[in-house]
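Structure file upload.txt; described as compact mmCIF, C-alpha atoms.
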# COMPACT_ATOMS: atom_id res chain seq x y z
CA MET R 550 25.45 13.88 -16.74
CA ILE R 551 22.93 11.40 -18.21
CA ASP R 552 20.37 12.71 -20.66
CA THR R 553 16.87 12.50 -19.11
CA ALA R 554 15.42 10.83 -22.21
CA ARG R 555 18.13 8.16 -22.11
CA ARG R 556 17.50 7.56 -18.39
CA ASP R 557 13.75 7.17 -19.10
CA ASP R 558 14.52 4.72 -21.92
CA PHE R 559 16.84 2.75 -19.63
CA GLN R 560 14.21 2.63 -16.86
CA GLN R 561 11.61 1.43 -19.34
CA ILE R 562 13.91 -1.35 -20.60
CA ALA R 563 14.85 -2.30 -17.02
CA GLY R 564 11.14 -2.59 -16.17
CA GLN R 565 10.53 -4.82 -19.18
CA VAL R 566 13.46 -7.06 -18.18
CA ARG R 567 12.06 -7.31 -14.61
CA ASN R 568 8.68 -8.35 -16.03
CA ILE R 569 10.24 -11.01 -18.27
CA VAL R 570 12.36 -12.41 -15.43
CA GLY R 571 9.29 -12.47 -13.18
CA GLN R 572 7.30 -14.37 -15.79
CA LEU R 573 10.11 -16.88 -16.28
CA SER R 574 10.40 -17.47 -12.53
CA GLN R 575 6.70 -18.26 -12.04
CA ALA R 576 5.74 -21.91 -11.76
CA HIS R 577 3.07 -22.99 -14.24
CA PHE R 578 0.82 -25.98 -13.64
CA GLY R 579 -0.74 -27.17 -16.87
CA ASP R 580 -3.82 -25.15 -17.69
CA PHE R 581 -3.90 -23.75 -14.13
CA CYS R 582 -1.68 -20.71 -14.80
CA SER R 583 -1.66 -18.69 -17.95
CA THR R 584 1.80 -17.65 -19.09
CA ASP R 585 0.46 -14.10 -19.09
CA SER R 586 -0.50 -14.17 -15.40
CA TRP R 587 1.20 -12.57 -12.43
CA SER R 588 1.50 -14.04 -8.97
CA PRO R 589 0.28 -12.03 -5.95
CA PRO R 590 2.45 -12.06 -2.82
CA ILE R 591 1.22 -14.04 0.19
CA ASN R 592 1.93 -14.49 3.88
CA LEU R 593 1.29 -17.94 5.34
CA TYR R 594 0.85 -18.39 9.09
CA HIS R 595 0.72 -21.75 10.92
CA LEU R 596 -1.25 -21.48 14.16
CA ASP R 597 -2.15 -24.26 16.61
CA ARG R 598 -5.45 -25.24 14.94
CA ARG R 599 -5.34 -23.58 11.53
CA LEU R 600 -3.37 -22.08 8.70
CA GLU R 601 -3.98 -18.45 7.74
CA VAL R 602 -3.14 -17.23 4.25
CA CYS R 603 -3.06 -13.50 3.51
CA VAL R 604 -2.98 -12.52 -0.18
CA ASP R 605 -2.14 -8.96 -1.29
CA LEU R 606 -4.82 -8.12 -3.87
CA ALA R 607 -5.00 -4.33 -3.65
CA GLY R 608 -7.28 -2.87 -6.30
CA VAL R 609 -8.95 -6.19 -7.17
CA ASN R 610 -12.75 -6.34 -7.04
CA LYS R 611 -14.03 -9.09 -4.76
CA SER R 612 -16.15 -10.44 -7.62
CA ASP R 613 -12.97 -10.92 -9.70
CA ILE R 614 -11.39 -13.37 -7.21
CA ASP R 615 -11.80 -17.16 -7.40
CA VAL R 616 -10.59 -19.32 -4.49
CA ARG R 617 -10.54 -23.12 -4.68
CA VAL R 618 -9.38 -25.42 -1.92
CA GLU R 619 -8.70 -29.00 -2.94
CA PRO R 620 -6.93 -31.82 -1.13
CA GLY R 621 -3.29 -30.76 -1.00
CA ARG R 622 -3.61 -27.35 -2.64
CA LEU R 623 -5.11 -23.88 -2.54
CA ILE R 624 -5.74 -22.16 -5.87
CA ILE R 625 -6.30 -18.40 -6.07
CA ARG R 626 -7.14 -16.85 -9.44
CA GLY R 627 -8.59 -13.64 -10.71
CA HIS R 628 -8.06 -10.45 -12.63
CA ARG R 629 -6.93 -6.92 -11.75
CA ARG R 630 -7.70 -4.06 -14.09
CA ALA R 631 -4.84 -1.71 -14.96
CA PRO R 632 -4.89 1.41 -12.81
CA ASP R 633 -5.43 4.53 -14.90
CA PRO R 634 -5.17 8.23 -14.04
CA ARG R 635 -8.46 9.76 -12.91
CA ASP R 636 -8.48 12.41 -15.64
CA GLN R 637 -7.80 10.84 -19.02
CA HIS R 638 -8.72 13.92 -21.06
CA GLU R 639 -5.10 15.06 -21.11
CA GLY R 640 -2.22 13.65 -23.11
CA MET R 641 -0.34 11.01 -21.17
CA ARG R 642 3.07 9.35 -21.26
CA ILE R 643 3.74 6.44 -18.91
CA VAL R 644 6.93 7.10 -16.95
CA THR R 645 6.92 4.06 -14.66
CA MET R 646 4.46 1.15 -14.57
CA GLU R 647 5.25 -1.35 -11.81
CA ILE R 648 1.78 -2.41 -10.61
CA ASP R 649 0.88 -5.82 -12.03
CA HIS R 650 -2.47 -6.09 -13.75
CA GLY R 651 -4.38 -8.59 -15.84
CA PRO R 652 -4.99 -12.23 -14.86
CA PHE R 653 -3.30 -13.58 -11.75
CA ALA R 654 -2.89 -17.04 -10.28
CA ARG R 655 -1.28 -18.49 -7.18
CA LEU R 656 -0.96 -22.09 -6.04
CA VAL R 657 -0.19 -22.93 -2.41
CA SER R 658 0.60 -26.50 -1.38
CA LEU R 659 -1.35 -27.63 1.67
CA PRO R 660 -0.87 -30.41 4.21
CA PRO R 661 -3.33 -33.32 4.05
CA ASN R 662 -5.06 -32.49 7.35
CA ILE R 663 -7.02 -29.40 6.18
CA ASP R 664 -10.70 -29.54 7.20
CA LEU R 665 -12.01 -28.56 3.74
CA PRO R 666 -15.71 -27.96 4.68
CA ARG R 667 -14.69 -25.40 7.34
CA VAL R 668 -12.49 -23.18 5.12
CA THR R 669 -13.52 -19.50 5.17
CA THR R 670 -12.43 -16.37 3.29
CA GLU R 671 -12.61 -12.66 4.05
CA TYR R 672 -11.66 -9.78 1.74
CA LYS R 673 -10.85 -6.60 3.63
CA GLU R 674 -8.89 -3.48 2.65
CA GLY R 675 -7.27 -5.16 -0.37
CA LEU R 676 -6.17 -8.25 1.56
CA LEU R 677 -7.74 -11.66 1.04
CA TRP R 678 -7.63 -13.79 4.21
CA ILE R 679 -8.17 -17.53 3.87
CA THR R 680 -8.63 -19.53 7.06
CA LEU R 681 -7.80 -23.23 6.69
CA PRO R 682 -8.78 -25.14 9.85
CA LEU R 683 -6.71 -28.21 10.66
CA ARG R 684 -8.43 -31.53 11.48
CA SER R 685 -7.75 -32.88 14.93
CA PRO R 686 -5.34 -35.82 14.92
CA GLY R 687 -7.01 -39.14 15.59
Translate the structure described by the file into structure tokens.
Amino acid sequence: MIDTARRDDFQQIAGQVRNIVGQLSQAHFGDFCSTDSWSPPINLYHLDRRLEVCVDLAGVNKSDIDVRVEPGRLIIRGHRRAPDPRDQHEGMRIVTMEIDHGPFARLVSLPPNIDLPRVTTEYKEGLLWITLPLRSPG
């Protein structure tokens, strides 16, 4: 039988190792990404006349999100505050902390035929949707 305190210590160390491995696996692009940033997950959909990017940004205020579309790349940056318990008047010990917080950055490579002036964004229910219309060939 494993002592509960030892199991908690092991889980804490395992979480720290996961964070370090995640930081090492992130691509950094000059001053674009801070080494202290996390990378939000995305879904990318290619439709007939557009690309749709969905970014999971649960808990991020819309005003804390910066989206830039440049020829060949989409840059998403911002900041998520750490979630805290509602009642902080009691003593607290963190048991598990898996939700990323702090600055985030994500770079998505784009094809050259994006119609930049027609790009739109919508933030709804914690998901950021970026619509990237494709220019007609010709």
| task | Between R:Cys603, R:Ala654, R:Ile625, R:Met641, single out the one closest to Trp678 of chain R, counting all atoms listed in the file. | result |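 So, comparing all the options, the nearest one is R:Cys603.
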| remark: What separates atom CA of Leu606 of chain R and atom CA of Val668 of chain R is a distance of 19.1 Å
| said: Excluding segment 608-617 of chain R and its own-chain neighbours fewer than 5 positions away, which residues fall within 8 Å of it when counting only C-alpha atoms? Please give them as a list in words. | reply: Leu623, Ile624, Ile625, Arg626, Gly627, His628, Arg629, Arg630, Tyr672 and Gly675 of chain R
| task | Considering all atoms listed in the file, state which residue in the set R:Pro682, R:Gln637, R:Arg622, R:Val644 is at the smallest distance from Ile663 of chain R. | result |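 Of R:Pro682, R:Gln637, R:Arg622, R:Val644, the one nearest Ile663 of chain R, counting all atoms listed in the file, is R:Pro682.
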| Nearest to Thr669 of chain R among R:Ile648, R:Leu656, R:Val618, R:Ile643, with distances taken over only C-alpha atoms: which residue is it? |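 Of the candidates, the smallest distance to Thr669 of chain R is held by R:Val618.
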| request: Excluding segment 591-593 of chain R and any residue of its chain fewer than 2 positions from it, enumerate the residues within 9 Å of it, using only C-alpha atoms, and give them as number ranges by chain. | output: R: 589, 595, 600-605, 655
| Could you state the separation of atom CA of Ala631 of chain R and atom CA of Ser586 of chain R in Å, given to one decimal place? | 13.2 Å
| Between atom CA of Leu676 of chain R and atom CA of Ala607 of chain R, what is the distance, to one decimal in Å? |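 The value is 6.6 Å.
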| field | Among the residues R:Tyr594, R:Pro620, R:Pro661, R:Pro652, the one that comes closest to Ile679 of chain R [using all atoms listed in the file] | value |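 Among the listed residues, R:Tyr594 lies closest to Ile679 of chain R.
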Would you compute, for all listed atoms of segment 583-594 of chain R, the axis-aligned bounding box grown by 5 Å on each side, and then report its centre and edge lengths in Å rounded to one decimal, as lines of an AutoDock Vina configuration file?
center_x = 0.4
center_y = -15.4
center_z = -5.0
size_x = 14.1
size_y = 16.7
size_z = 38.2
Determine, counting all atoms listed in the file, which protein, DNA and RNA residues have an atom within 12 Å of an atom of Ser685 of chain R; residues of the same chain fewer than 6 positions away are not included. Present the result as a compact mmCIF listing (two decimals) with C-alpha atoms, in the coordinates of the input.
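Ended up saving to around_13.txt:
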# COMPACT_ATOMS: atom_id res chain seq x y z
CA ASP R 597 -2.15 -24.26 16.61
CA ARG R 598 -5.45 -25.24 14.94
CA ARG R 599 -5.34 -23.58 11.53
CA PRO R 661 -3.33 -33.32 4.05
CA ASN R 662 -5.06 -32.49 7.35
CA ILE R 663 -7.02 -29.40 6.18
CA ASP R 664 -10.70 -29.54 7.20
| said: So, with all atoms listed in the file as the atoms that count, which of R:Phe653, R:Lys673, R:Leu665, R:Pro686 lies closest to Pro590 of chain R? | reply: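 Using all atoms listed in the file, the shortest distance to Pro590 of chain R belongs to R:Phe653.
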